[in-house]
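Listing of target_10.pdb; format and content: PDB, C-alpha atoms.
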```pdb
ATOM      1  CA  MET A   1      50.944  43.275 143.344
ATOM      2  CA  ASN A   2      50.947  40.288 141.003
ATOM      3  CA  ARG A   3      53.093  37.672 142.703
ATOM      4  CA  LYS A   4      53.449  35.771 139.421
ATOM      5  CA  ALA A   5      56.326  38.184 138.753
ATOM      6  CA  LEU A   6      58.257  36.774 141.725
ATOM      7  CA  GLN A   7      57.948  33.313 140.218
ATOM      8  CA  LYS A   8      60.009  34.491 137.240
ATOM      9  CA  LEU A   9      63.169  34.757 139.339
ATOM     10  CA  SER A  10      65.626  31.964 138.546
ATOM     11  CA  TYR A  11      67.180  29.587 141.067
ATOM     12  CA  GLY A  12      69.032  26.312 141.331
ATOM     13  CA  VAL A  13      68.174  23.450 143.670
ATOM     14  CA  TYR A  14      70.554  22.633 146.503
ATOM     15  CA  LEU A  15      71.058  20.612 149.623
ATOM     16  CA  VAL A  16      72.479  22.697 152.452
ATOM     17  CA  THR A  17      74.204  20.618 155.103
ATOM     18  CA  THR A  18      76.211  21.197 158.234
ATOM     19  CA  SER A  19      77.463  19.255 161.232
ATOM     20  CA  TYR A  20      77.290  20.214 164.875
ATOM     21  CA  ASN A  21      78.255  18.197 167.940
ATOM     22  CA  GLY A  22      78.958  15.232 165.702
ATOM     23  CA  LYS A  23      75.460  15.191 164.209
ATOM     24  CA  PRO A  24      74.738  15.982 160.552
ATOM     25  CA  TYR A  25      71.906  18.298 159.510
ATOM     26  CA  GLY A  26      70.581  19.186 156.088
ATOM     27  CA  CYS A  27      67.707  20.649 154.143
ATOM     28  CA  VAL A  28      66.689  21.548 150.594
ATOM     29  CA  ALA A  29      67.227  25.151 149.498
ATOM     30  CA  ASN A  30      66.789  27.115 146.317
ATOM     31  CA  SER A  31      67.960  30.522 147.521
ATOM     32  CA  ALA A  32      71.730  30.534 147.098
ATOM     33  CA  MET A  33      73.929  32.887 145.112
ATOM     34  CA  GLN A  34      77.477  34.114 144.797
ATOM     35  CA  ILE A  35      77.925  37.558 146.351
ATOM     36  CA  THR A  36      81.581  38.353 145.653
ATOM     37  CA  SER A  37      84.304  36.926 143.454
ATOM     38  CA  ALA A  38      87.444  37.877 145.437
ATOM     39  CA  PRO A  39      87.260  36.347 147.928
ATOM     40  CA  ALA A  40      84.507  34.018 146.756
ATOM     41  CA  GLN A  41      81.488  34.388 149.031
ATOM     42  CA  ILE A  42      78.103  32.678 148.863
ATOM     43  CA  ALA A  43      74.812  33.675 150.495
ATOM     44  CA  VAL A  44      72.018  31.276 151.395
ATOM     45  CA  SER A  45      68.596  32.077 152.856
ATOM     46  CA  ILE A  46      67.355  29.583 155.463
ATOM     47  CA  ASN A  47      64.056  29.610 157.370
ATOM     48  CA  HIS A  48      64.350  30.077 161.126
ATOM     49  CA  ASP A  49      62.130  27.010 161.610
ATOM     50  CA  ASN A  50      64.551  24.656 159.845
ATOM     51  CA  ALA A  51      66.663  22.588 162.246
ATOM     52  CA  THR A  52      69.571  23.222 159.894
ATOM     53  CA  HIS A  53      69.237  26.985 160.519
ATOM     54  CA  ASP A  54      70.264  26.803 164.179
ATOM     55  CA  GLN A  55      73.009  24.303 163.510
ATOM     56  CA  ILE A  56      74.622  26.511 160.859
ATOM     57  CA  ALA A  57      74.473  29.396 163.333
ATOM     58  CA  GLN A  58      76.150  27.163 165.977
ATOM     59  CA  SER A  59      78.768  25.514 163.777
ATOM     60  CA  GLY A  60      79.523  28.638 161.742
ATOM     61  CA  LYS A  61      79.793  26.682 158.533
ATOM     62  CA  PHE A  62      77.733  25.060 155.822
ATOM     63  CA  ALA A  63      78.124  22.979 152.685
ATOM     64  CA  LEU A  64      76.129  23.582 149.524
ATOM     65  CA  ALA A  65      75.541  20.531 147.328
ATOM     66  CA  ILE A  66      74.510  21.389 143.768
ATOM     67  CA  LEU A  67      72.008  18.940 142.275
ATOM     68  CA  ALA A  68      71.818  17.925 138.615
ATOM     69  CA  THR A  69      68.773  17.364 136.427
ATOM     70  CA  ASP A  70      69.406  13.604 136.674
ATOM     71  CA  THR A  71      69.719  13.596 140.469
ATOM     72  CA  ASP A  72      67.587  10.876 142.060
ATOM     73  CA  PRO A  73      64.393  12.690 143.159
ATOM     74  CA  ALA A  74      64.438  10.518 146.296
ATOM     75  CA  LEU A  75      67.484  12.498 147.458
ATOM     76  CA  ILE A  76      65.447  15.705 147.339
ATOM     77  CA  GLY A  77      62.456  14.015 148.946
ATOM     78  CA  GLY A  78      64.598  12.702 151.765
ATOM     79  CA  PHE A  79      65.919  16.160 152.655
ATOM     80  CA  GLY A  80      62.694  18.072 152.113
ATOM     81  CA  TYR A  81      59.268  18.028 153.736
ATOM     82  CA  ARG A  82      60.579  16.707 157.084
ATOM     83  CA  SER A  83      62.846  17.898 159.839
ATOM     84  CA  SER A  84      66.273  16.710 160.968
ATOM     85  CA  ARG A  85      64.728  16.894 164.458
ATOM     86  CA  ASP A  86      62.436  13.944 163.676
ATOM     87  CA  ALA A  87      64.230  11.981 160.987
ATOM     88  CA  ASP A  88      67.747  10.777 160.231
ATOM     89  CA  LYS A  89      67.916  12.306 156.776
ATOM     90  CA  PHE A  90      71.369  10.859 156.159
ATOM     91  CA  ALA A  91      70.352   7.201 156.677
ATOM     92  CA  GLY A  92      71.235   5.353 153.496
ATOM     93  CA  VAL A  93      72.629   8.489 151.820
ATOM     94  CA  SER A  94      76.187   8.024 150.567
ATOM     95  CA  CYS A  95      78.211  11.079 151.602
ATOM     96  CA  THR A  96      81.809  12.270 151.614
ATOM     97  CA  GLU A  97      82.980  14.466 154.451
ATOM     98  CA  LYS A  98      84.226  17.931 153.470
ATOM     99  CA  ASP A  99      85.519  20.197 156.216
ATOM    100  CA  GLY A 100      83.711  17.925 158.678
ATOM    101  CA  MET A 101      80.372  18.239 156.871
ATOM    102  CA  PRO A 102      78.515  15.550 154.921
ATOM    103  CA  VAL A 103      78.225  16.200 151.180
ATOM    104  CA  PRO A 104      75.887  13.735 149.399
ATOM    105  CA  ASP A 105      77.758  11.950 146.616
ATOM    106  CA  GLY A 106      74.645  12.299 144.454
ATOM    107  CA  ALA A 107      75.410  16.025 144.051
ATOM    108  CA  MET A 108      77.191  17.143 140.876
ATOM    109  CA  ALA A 109      79.263  19.788 142.711
ATOM    110  CA  TRP A 110      79.777  21.107 146.219
ATOM    111  CA  ILE A 111      80.956  24.243 147.998
ATOM    112  CA  THR A 112      81.966  24.517 151.661
ATOM    113  CA  CYS A 113      81.704  27.865 153.443
ATOM    114  CA  ARG A 114      82.632  29.501 156.711
ATOM    115  CA  VAL A 115      79.946  31.927 157.891
ATOM    116  CA  VAL A 116      81.403  35.434 158.007
ATOM    117  CA  LYS A 117      78.205  37.427 158.513
ATOM    118  CA  LEU A 118      74.509  36.886 158.882
ATOM    119  CA  MET A 119      71.498  39.115 158.384
ATOM    120  CA  ASP A 120      68.128  38.474 159.950
ATOM    121  CA  ALA A 121      65.367  38.937 157.387
ATOM    122  CA  GLY A 122      62.245  38.116 159.430
ATOM    123  CA  THR A 123      61.249  34.503 158.820
ATOM    124  CA  HIS A 124      64.648  33.712 157.290
ATOM    125  CA  THR A 125      68.346  34.410 157.904
ATOM    126  CA  ILE A 126      70.786  35.245 155.127
ATOM    127  CA  PHE A 127      74.060  33.463 155.893
ATOM    128  CA  LEU A 128      77.045  34.997 154.101
ATOM    129  CA  GLY A 129      79.780  32.390 153.780
ATOM    130  CA  GLU A 130      83.328  32.650 152.535
ATOM    131  CA  VAL A 131      84.110  29.686 150.301
ATOM    132  CA  THR A 132      86.675  27.425 151.990
ATOM    133  CA  ASP A 133      86.690  24.751 149.284
ATOM    134  CA  CYS A 134      84.679  23.617 146.262
ATOM    135  CA  ASP A 135      84.857  21.007 143.545
ATOM    136  CA  LEU A 136      82.878  19.001 141.015
ATOM    137  CA  ASN A 137      81.868  15.419 141.776
ATOM    138  CA  ARG A 138      81.601  14.863 138.034
ATOM    139  CA  GLU A 139      82.559  16.830 134.940
ATOM    140  CA  ASP A 140      79.226  16.374 133.181
ATOM    141  CA  GLY A 141      75.749  17.100 134.484
ATOM    142  CA  ILE A 142      73.307  19.958 134.004
ATOM    143  CA  PRO A 143      72.530  21.924 137.151
ATOM    144  CA  MET A 144      68.919  21.429 138.191
ATOM    145  CA  THR A 145      66.980  24.677 138.130
ATOM    146  CA  TYR A 146      64.005  25.376 140.336
ATOM    147  CA  GLN A 147      61.971  25.732 137.135
ATOM    148  CA  PHE A 148      62.987  22.192 136.103
ATOM    149  CA  TYR A 149      62.149  20.921 139.581
ATOM    150  CA  HIS A 150      58.655  22.394 139.320
ATOM    151  CA  SER A 151      57.867  21.565 135.706
ATOM    152  CA  VAL A 152      59.574  18.188 135.197
ATOM    153  CA  ILE A 153      59.862  16.626 138.644
ATOM    154  CA  LYS A 154      56.571  18.288 139.682
ATOM    155  CA  GLY A 155      58.078  19.271 142.994
ATOM    156  CA  ALA A 156      56.253  21.714 145.241
ATOM    157  CA  SER A 157      57.495  24.476 147.542
ATOM    158  CA  PRO A 158      57.056  23.735 151.245
ATOM    159  CA  LYS A 159      55.686  26.401 153.551
ATOM    160  CA  ASN A 160      59.111  27.389 154.852
ATOM    161  CA  ALA A 161      60.627  28.140 151.431
ATOM    162  CA  PRO A 162      61.319  31.781 150.516
ATOM    163  CA  THR A 163      59.394  31.170 147.323
ATOM    164  CA  TYR A 164      56.367  29.538 148.975
ATOM    165  CA  ILE A 165      53.071  30.554 147.412
ATOM    166  CA  SER A 166      49.992  30.315 149.593
ATOM    167  CA  PRO A 167      46.872  28.831 147.955
ATOM    168  CA  GLU A 168      45.258  32.291 148.185
ATOM    169  CA  ASP A 169      47.932  33.884 145.983
TER     170      ASP A 169
ATOM    171  CA  MET B 170      89.484  24.834 145.281
ATOM    172  CA  ASN B 171      88.036  24.206 141.830
ATOM    173  CA  ARG B 172      86.091  27.332 140.955
ATOM    174  CA  LYS B 173      84.254  25.474 138.203
ATOM    175  CA  ALA B 174      81.899  24.389 140.998
ATOM    176  CA  LEU B 175      80.856  28.011 141.574
ATOM    177  CA  GLN B 176      79.877  28.262 137.914
ATOM    178  CA  LYS B 177      77.220  25.597 138.508
ATOM    179  CA  LEU B 178      75.109  27.953 140.622
ATOM    180  CA  SER B 179      71.990  29.106 138.751
ATOM    181  CA  TYR B 180      70.934  32.701 138.203
ATOM    182  CA  GLY B 181      68.634  34.839 136.134
ATOM    183  CA  VAL B 182      69.592  38.017 134.257
ATOM    184  CA  TYR B 183      68.200  41.328 135.466
ATOM    185  CA  LEU B 184      68.373  45.062 135.095
ATOM    186  CA  VAL B 185      68.500  46.810 138.446
ATOM    187  CA  THR B 186      67.379  50.426 138.266
ATOM    188  CA  THR B 187      66.735  53.271 140.633
ATOM    189  CA  SER B 188      66.202  57.003 140.540
ATOM    190  CA  TYR B 189      67.806  59.668 142.698
ATOM    191  CA  ASN B 190      67.540  63.437 142.458
ATOM    192  CA  GLY B 191      65.505  63.054 139.290
ATOM    193  CA  LYS B 192      68.182  61.044 137.489
ATOM    194  CA  PRO B 193      67.765  57.384 136.540
ATOM    195  CA  TYR B 194      70.495  54.806 137.155
ATOM    196  CA  GLY B 195      70.736  51.171 136.177
ATOM    197  CA  CYS B 196      73.010  48.194 135.712
ATOM    198  CA  VAL B 197      72.912  44.522 134.778
ATOM    199  CA  ALA B 198      72.826  42.014 137.635
ATOM    200  CA  ASN B 199      72.560  38.278 137.956
ATOM    201  CA  SER B 200      72.618  37.982 141.731
ATOM    202  CA  ALA B 201      69.033  38.406 142.876
ATOM    203  CA  MET B 202      66.839  36.083 144.883
ATOM    204  CA  GLN B 203      63.748  35.994 147.029
ATOM    205  CA  ILE B 204      64.592  35.806 150.732
ATOM    206  CA  THR B 205      61.188  35.609 152.402
ATOM    207  CA  SER B 206      57.628  34.978 151.257
ATOM    208  CA  ALA B 207      55.636  36.900 153.915
ATOM    209  CA  PRO B 208      56.326  39.701 153.491
ATOM    210  CA  ALA B 209      57.946  39.200 150.098
ATOM    211  CA  GLN B 210      61.565  40.340 150.245
ATOM    212  CA  ILE B 211      64.253  40.267 147.558
ATOM    213  CA  ALA B 212      68.035  40.514 147.916
ATOM    214  CA  VAL B 213      70.392  41.816 145.250
ATOM    215  CA  SER B 214      74.194  41.976 145.321
ATOM    216  CA  ILE B 215      75.681  45.101 143.757
ATOM    217  CA  ASN B 216      79.365  46.035 143.378
ATOM    218  CA  HIS B 217      80.482  49.108 145.315
ATOM    219  CA  ASP B 218      82.024  50.470 142.101
ATOM    220  CA  ASN B 219      78.703  50.588 140.239
ATOM    221  CA  ALA B 220      77.145  54.045 140.098
ATOM    222  CA  THR B 221      73.813  52.340 140.736
ATOM    223  CA  HIS B 222      75.130  51.057 144.090
ATOM    224  CA  ASP B 223      75.402  54.497 145.688
ATOM    225  CA  GLN B 224      72.124  55.684 144.221
ATOM    226  CA  ILE B 225      70.219  52.711 145.659
ATOM    227  CA  ALA B 226      71.821  53.466 149.028
ATOM    228  CA  GLN B 227      70.704  57.110 148.678
ATOM    229  CA  SER B 228      67.202  56.556 147.321
ATOM    230  CA  GLY B 229      66.481  53.516 149.500
ATOM    231  CA  LYS B 230      64.716  51.735 146.677
ATOM    232  CA  PHE B 231      65.347  49.720 143.550
ATOM    233  CA  ALA B 232      63.468  48.069 140.706
ATOM    234  CA  LEU B 233      64.342  44.668 139.341
ATOM    235  CA  ALA B 234      63.481  44.070 135.673
ATOM    236  CA  ILE B 235      63.386  40.390 134.699
ATOM    237  CA  LEU B 236      64.643  39.726 131.175
ATOM    238  CA  ALA B 237      63.349  37.015 128.850
ATOM    239  CA  THR B 238      65.278  34.748 126.489
ATOM    240  CA  ASP B 239      63.986  36.834 123.563
ATOM    241  CA  THR B 240      64.991  40.160 125.122
ATOM    242  CA  ASP B 241      66.906  42.358 122.656
ATOM    243  CA  PRO B 242      70.595  41.772 123.543
ATOM    244  CA  ALA B 243      71.152  45.486 122.903
ATOM    245  CA  LEU B 244      69.190  46.202 126.077
ATOM    246  CA  ILE B 245      71.687  44.176 128.090
ATOM    247  CA  GLY B 246      74.630  45.718 126.223
ATOM    248  CA  GLY B 247      73.353  49.206 126.907
ATOM    249  CA  PHE B 248      73.180  48.648 130.670
ATOM    250  CA  GLY B 249      76.363  46.616 131.011
ATOM    251  CA  TYR B 250      80.040  47.310 130.412
ATOM    252  CA  ARG B 251      79.705  51.054 131.008
ATOM    253  CA  SER B 252      78.832  53.364 133.860
ATOM    254  CA  SER B 253      75.824  55.607 134.431
ATOM    255  CA  ARG B 254      78.467  58.201 135.380
ATOM    256  CA  ASP B 255      79.660  58.424 131.776
ATOM    257  CA  ALA B 256      76.671  57.409 129.685
ATOM    258  CA  ASP B 257      72.946  58.048 129.554
ATOM    259  CA  LYS B 258      71.940  54.421 129.616
ATOM    260  CA  PHE B 259      68.260  55.291 129.310
ATOM    261  CA  ALA B 260      68.576  57.206 126.029
ATOM    262  CA  GLY B 261      66.302  55.509 123.527
ATOM    263  CA  VAL B 262      65.112  52.924 126.056
ATOM    264  CA  SER B 263      61.331  52.818 126.394
ATOM    265  CA  CYS B 264      60.485  52.727 130.095
ATOM    266  CA  THR B 265      57.450  52.911 132.358
ATOM    267  CA  GLU B 266      57.810  54.582 135.733
ATOM    268  CA  LYS B 267      57.074  52.384 138.756
ATOM    269  CA  ASP B 268      57.303  53.978 142.197
ATOM    270  CA  GLY B 269      59.313  56.760 140.543
ATOM    271  CA  MET B 270      61.822  54.367 138.987
ATOM    272  CA  PRO B 271      62.287  53.544 135.315
ATOM    273  CA  VAL B 272      61.413  49.972 134.341
ATOM    274  CA  PRO B 273      62.422  49.086 130.756
ATOM    275  CA  ASP B 274      59.378  47.919 128.790
ATOM    276  CA  GLY B 275      61.571  45.232 127.200
ATOM    277  CA  ALA B 276      61.527  43.326 130.508
ATOM    278  CA  MET B 277      59.046  40.469 130.866
ATOM    279  CA  ALA B 278      58.335  41.226 134.541
ATOM    280  CA  TRP B 279      59.344  43.731 137.204
ATOM    281  CA  ILE B 280      59.548  44.061 140.966
ATOM    282  CA  THR B 281      59.934  47.290 142.943
ATOM    283  CA  CYS B 282      61.487  47.208 146.400
ATOM    284  CA  ARG B 283      62.096  49.460 149.383
ATOM    285  CA  VAL B 284      65.484  48.778 150.989
ATOM    286  CA  VAL B 285      64.931  47.542 154.551
ATOM    287  CA  LYS B 286      68.467  46.374 155.354
ATOM    288  CA  LEU B 287      71.856  46.150 153.771
ATOM    289  CA  MET B 288      74.923  44.057 154.482
ATOM    290  CA  ASP B 289      78.410  44.969 153.365
ATOM    291  CA  ALA B 290      80.157  41.970 151.848
ATOM    292  CA  GLY B 291      83.532  43.443 150.854
ATOM    293  CA  THR B 292      83.468  44.397 147.187
ATOM    294  CA  HIS B 293      79.665  44.176 147.074
ATOM    295  CA  THR B 294      76.639  45.154 149.171
ATOM    296  CA  ILE B 295      73.630  42.905 149.667
ATOM    297  CA  PHE B 296      70.517  45.081 149.535
ATOM    298  CA  LEU B 297      67.498  43.469 151.193
ATOM    299  CA  GLY B 298      64.341  44.991 149.759
ATOM    300  CA  GLU B 299      60.711  44.555 150.725
ATOM    301  CA  VAL B 300      58.602  44.181 147.602
ATOM    302  CA  THR B 301      56.348  47.221 147.185
ATOM    303  CA  ASP B 302      54.831  46.136 143.862
ATOM    304  CA  CYS B 303      55.400  43.649 141.049
ATOM    305  CA  ASP B 304      53.756  42.559 137.829
ATOM    306  CA  LEU B 305      54.276  40.908 134.467
ATOM    307  CA  ASN B 306      54.698  43.023 131.333
ATOM    308  CA  ARG B 307      53.536  40.014 129.340
ATOM    309  CA  GLU B 308      52.023  36.639 130.175
ATOM    310  CA  ASP B 309      54.376  34.634 127.979
ATOM    311  CA  GLY B 310      58.166  34.680 127.910
ATOM    312  CA  ILE B 311      60.838  32.413 129.339
ATOM    313  CA  PRO B 312      63.054  34.042 131.975
ATOM    314  CA  MET B 313      66.607  34.405 130.695
ATOM    315  CA  THR B 314      69.054  32.419 132.800
ATOM    316  CA  TYR B 315      72.690  33.372 133.222
ATOM    317  CA  GLN B 316      73.528  30.024 131.621
ATOM    318  CA  PHE B 317      71.491  30.992 128.524
ATOM    319  CA  TYR B 318      73.175  34.410 128.467
ATOM    320  CA  HIS B 319      76.613  32.755 128.433
ATOM    321  CA  SER B 320      75.919  29.862 126.088
ATOM    322  CA  VAL B 321      73.461  31.349 123.573
ATOM    323  CA  ILE B 322      74.043  35.101 123.633
ATOM    324  CA  LYS B 323      77.765  34.523 124.328
ATOM    325  CA  GLY B 324      77.714  37.211 126.977
ATOM    326  CA  ALA B 325      80.695  37.618 129.296
ATOM    327  CA  SER B 326      80.937  38.575 132.970
ATOM    328  CA  PRO B 327      82.436  42.005 133.592
ATOM    329  CA  LYS B 328      85.036  42.458 136.314
ATOM    330  CA  ASN B 329      82.559  43.854 138.819
ATOM    331  CA  ALA B 330      80.171  40.872 138.677
ATOM    332  CA  PRO B 331      80.007  38.556 141.699
ATOM    333  CA  THR B 332      80.551  35.669 139.302
ATOM    334  CA  TYR B 333      83.535  37.216 137.495
ATOM    335  CA  ILE B 334      86.234  34.704 136.656
ATOM    336  CA  SER B 335      89.744  36.056 136.241
ATOM    337  CA  PRO B 336      91.754  34.686 133.309
ATOM    338  CA  GLU B 337      94.071  32.968 135.829
ATOM    339  CA  ASP B 338      91.239  30.885 137.278
TER     340      ASP B 338
END
```

Please express the file's structure as structure tokens.
Amino acid sequence: MNRKALQKLSYGVYLVTTSYNGKPYGCVANSAMQITSAPAQIAVSINHDNATHDQIAQSGKFALAILATDTDPALIGGFGYRSSRDADKFAGVSCTEKDGMPVPDGAMAWITCRVVKLMDAGTHTIFLGEVTDCDLNREDGIPMTYQFYHSVIKGASPKNAPTYISPED
Amino acid sequence: MNRKALQKLSYGVYLVTTSYNGKPYGCVANSAMQITSAPAQIAVSINHDNATHDQIAQSGKFALAILATDTDPALIGGFGYRSSRDADKFAGVSCTEKDGMPVPDGAMAWITCRVVKLMDAGTHTIFLGEVTDCDLNREDGIPMTYQFYHSVIKGASPKNAPTYISPED
């Protein structure tokens, strides 16, 4: 098995947020895709260890914020590499509430979903969400790909990412 | 709901193949992503109407061929817009067998999977596959993104794609 092949899969870069008991939660994700067109449904894969994981399971909903190539890297840094358990990731982040969930204004587009099914996949859960609303924050903007994140922003994959590569690989 | 937001999700372009009862099946897909790192697992979303859908369910395995930006568009055309029920999609397509499944040599990389779970999502099924093997066919090559397919190759989404957009949208 040559795991370099897995690195040729293409992804975007997203912030996944939710709100439970009046508290906002969020993390960075790259594993999100549309599953059906009618009705529109989206799947995201979230690590069990992420605080956001349990809160999506509790609240039964999530928001997906789509980042652009010109998104401030600090926005990604603020949501990645630390836990909502220890840090207030939303401090100083301008957000607009959508279906009760915080969507960072720095995103180029957003999608809100109601969880209709979930599938345990070992270290991660696949949340299948029916799209309740979605819109663009701006008409321009190029969606940031995971490839761009790696090659231009020089971002790394944390240990809890589906696409994490151990140093031995 | 402004469905333009859904079009900002990022995907690759893949051929999903399988083999059942000695016959090969395959279709074009854009919805594939890695779900977990250890063990490596991949999810693909396939329309119930695709002949390949039932054959993956029967065989319990699938191969994902990753296409490059310089892949011959005829390879995509041959696997899309028609059914394995009516056409021999593999006629004239040079393939190498991996775990008993045909992987087109025109792909830049490939991943074979054993289905470990599936989730019905309405019009589509999400197949969760544990990676049994994967490799590159070549060291160079830029993975073709769905965005590239639309903007450069001028490819369209057929009605059974998760990302299909009806003319009314």

Determine, for each residue of chain B having at least one atom at most 8 Å from an atom of chain A, the closest pair of atoms and their separation in Å to one decimal, counting all atoms listed in the file; order by chain and ascending number, as JSON lines.
```
{"residue": "B:Met170", "atom": "CA", "partner": "A:Asp133", "partner_atom": "CA", "distance": 4.9}
{"residue": "B:Asn171", "atom": "CA", "partner": "A:Asp135", "partner_atom": "CA", "distance": 4.8}
{"residue": "B:Arg172", "atom": "CA", "partner": "A:Cys134", "partner_atom": "CA", "distance": 6.6}
{"residue": "B:Lys173", "atom": "CA", "partner": "A:Asp135", "partner_atom": "CA", "distance": 7.0}
{"residue": "B:Ala174", "atom": "CA", "partner": "A:Asp135", "partner_atom": "CA", "distance": 5.2}
{"residue": "B:Leu175", "atom": "CA", "partner": "A:Ile111", "partner_atom": "CA", "distance": 7.4}
{"residue": "B:Lys177", "atom": "CA", "partner": "A:Pro143", "partner_atom": "CA", "distance": 6.1}
{"residue": "B:Leu178", "atom": "CA", "partner": "A:Gly12", "partner_atom": "CA", "distance": 6.3}
{"residue": "B:Ser179", "atom": "CA", "partner": "A:Gly12", "partner_atom": "CA", "distance": 4.8}
{"residue": "B:Tyr180", "atom": "CA", "partner": "A:Ser10", "partner_atom": "CA", "distance": 5.4}
{"residue": "B:Gly181", "atom": "CA", "partner": "A:Ser10", "partner_atom": "CA", "distance": 4.8}
{"residue": "B:Ser200", "atom": "CA", "partner": "A:Met33", "partner_atom": "CA", "distance": 6.3}
{"residue": "B:Ala201", "atom": "CA", "partner": "A:Met33", "partner_atom": "CA", "distance": 7.7}
{"residue": "B:Met202", "atom": "CA", "partner": "A:Ser31", "partner_atom": "CA", "distance": 6.3}
{"residue": "B:Gln203", "atom": "CA", "partner": "A:Pro162", "partner_atom": "CA", "distance": 6.0}
{"residue": "B:Ile204", "atom": "CA", "partner": "A:Pro162", "partner_atom": "CA", "distance": 5.2}
{"residue": "B:Thr205", "atom": "CA", "partner": "A:Pro162", "partner_atom": "CA", "distance": 4.3}
{"residue": "B:Ser206", "atom": "CA", "partner": "A:Pro162", "partner_atom": "CA", "distance": 4.9}
{"residue": "B:Ala207", "atom": "CA", "partner": "A:Thr123", "partner_atom": "CA", "distance": 7.8}
{"residue": "B:Ser214", "atom": "CA", "partner": "A:Ile35", "partner_atom": "CA", "distance": 5.9}
{"residue": "B:Ile235", "atom": "CA", "partner": "A:Lys8", "partner_atom": "CA", "distance": 7.3}
{"residue": "B:Ala278", "atom": "CA", "partner": "A:Ala5", "partner_atom": "CA", "distance": 5.6}
{"residue": "B:Trp279", "atom": "CA", "partner": "A:Ala5", "partner_atom": "CA", "distance": 6.5}
{"residue": "B:Ile280", "atom": "CA", "partner": "A:Ala5", "partner_atom": "CA", "distance": 7.1}
{"residue": "B:Met288", "atom": "CA", "partner": "A:Met119", "partner_atom": "CA", "distance": 7.2}
{"residue": "B:Ala290", "atom": "CA", "partner": "A:Thr36", "partner_atom": "CA", "distance": 7.3}
{"residue": "B:Gly291", "atom": "CA", "partner": "A:Thr36", "partner_atom": "CA", "distance": 7.5}
{"residue": "B:Thr292", "atom": "CA", "partner": "A:Thr36", "partner_atom": "CA", "distance": 6.5}
{"residue": "B:His293", "atom": "CA", "partner": "A:Thr36", "partner_atom": "CA", "distance": 6.3}
{"residue": "B:Ile295", "atom": "CA", "partner": "A:Ile35", "partner_atom": "CA", "distance": 7.6}
{"residue": "B:Leu297", "atom": "CA", "partner": "A:Ala121", "partner_atom": "CA", "distance": 8.0}
{"residue": "B:Thr301", "atom": "CA", "partner": "A:Met1", "partner_atom": "CA", "distance": 7.7}
{"residue": "B:Asp302", "atom": "CA", "partner": "A:Met1", "partner_atom": "CA", "distance": 4.9}
{"residue": "B:Cys303", "atom": "CA", "partner": "A:Met1", "partner_atom": "CA", "distance": 5.0}
{"residue": "B:Asp304", "atom": "CA", "partner": "A:Asn2", "partner_atom": "CA", "distance": 4.8}
{"residue": "B:Leu305", "atom": "CA", "partner": "A:Ala5", "partner_atom": "CA", "distance": 5.5}
{"residue": "B:Pro312", "atom": "CA", "partner": "A:Lys8", "partner_atom": "CA", "distance": 6.1}
{"residue": "B:Thr314", "atom": "CA", "partner": "A:Ser10", "partner_atom": "CA", "distance": 6.7}
{"residue": "B:Ala330", "atom": "CA", "partner": "A:Ser37", "partner_atom": "CA", "distance": 7.4}
{"residue": "B:Pro331", "atom": "CA", "partner": "A:Thr36", "partner_atom": "CA", "distance": 4.3}
{"residue": "B:Thr332", "atom": "CA", "partner": "A:Ser37", "partner_atom": "CA", "distance": 5.7}
{"residue": "B:Tyr333", "atom": "CA", "partner": "A:Ser37", "partner_atom": "CA", "distance": 6.0}
{"residue": "B:Ile334", "atom": "CA", "partner": "A:Ser37", "partner_atom": "CA", "distance": 7.4}
```

Residues matched by the PyMOL selection byres ((chain A and resi 85) around 12) as a compact mmCIF listing (two decimals) with C-alpha atoms, in the frame of the given file:
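What ended up in selection-v1.txt:
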```txt
# COMPACT_ATOMS: atom_id res chain seq x y z
CA LYS A 23 75.46 15.19 164.21
CA PRO A 24 74.74 15.98 160.55
CA TYR A 25 71.91 18.30 159.51
CA GLY A 26 70.58 19.19 156.09
CA CYS A 27 67.71 20.65 154.14
CA ASP A 49 62.13 27.01 161.61
CA ASN A 50 64.55 24.66 159.84
CA ALA A 51 66.66 22.59 162.25
CA THR A 52 69.57 23.22 159.89
CA HIS A 53 69.24 26.98 160.52
CA ASP A 54 70.26 26.80 164.18
CA GLN A 55 73.01 24.30 163.51
CA PHE A 79 65.92 16.16 152.66
CA ARG A 82 60.58 16.71 157.08
CA SER A 83 62.85 17.90 159.84
CA SER A 84 66.27 16.71 160.97
CA ASP A 86 62.44 13.94 163.68
CA ALA A 87 64.23 11.98 160.99
CA ASP A 88 67.75 10.78 160.23
CA LYS A 89 67.92 12.31 156.78
```

With all atoms listed in the file as the atoms that count, which of B:Asp239, B:His319, B:Tyr250, B:Lys230 lies nearest to B:Lys267?
B:Lys230

How far is it from atom CA of B:Ile245 to atom CA of B:Leu184, in Å with one decimal?
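About the pair atom CA of B:Ile245 and atom CA of B:Leu184: they are 7.8 Å apart.
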
One decimal, in Å: what's the spacing between atom CA of B:Pro273 and atom CA of B:Gly229?
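Atom-to-atom, atom CA of B:Pro273 to atom CA of B:Gly229, that is 19.7 Å.
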
Coordinates-based distance that separates atom CA of B:Gly249 from atom CA of B:Val197 (Å, one decimal)
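Calculated distance between atom CA of B:Val197 and atom CA of B:Gly249 is 5.5 Å.
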
Of A:Thr96, A:Ser157, A:Gly78, A:Ala107, the one nearest to A:Asp140 when counting all atoms listed in the file is A:Ala107

Hey, can I get the axis-aligned box for stretch 278-288 of chain B? All listed atoms, 4 Å padding on each side, centre and edge lengths in Å to one decimal, as AutoDock Vina command-line options.
```
--center_x 66.6 --center_y 45.3 --center_z 144.9 --size_x 24.6 --size_y 16.2 --size_z 28.8
```
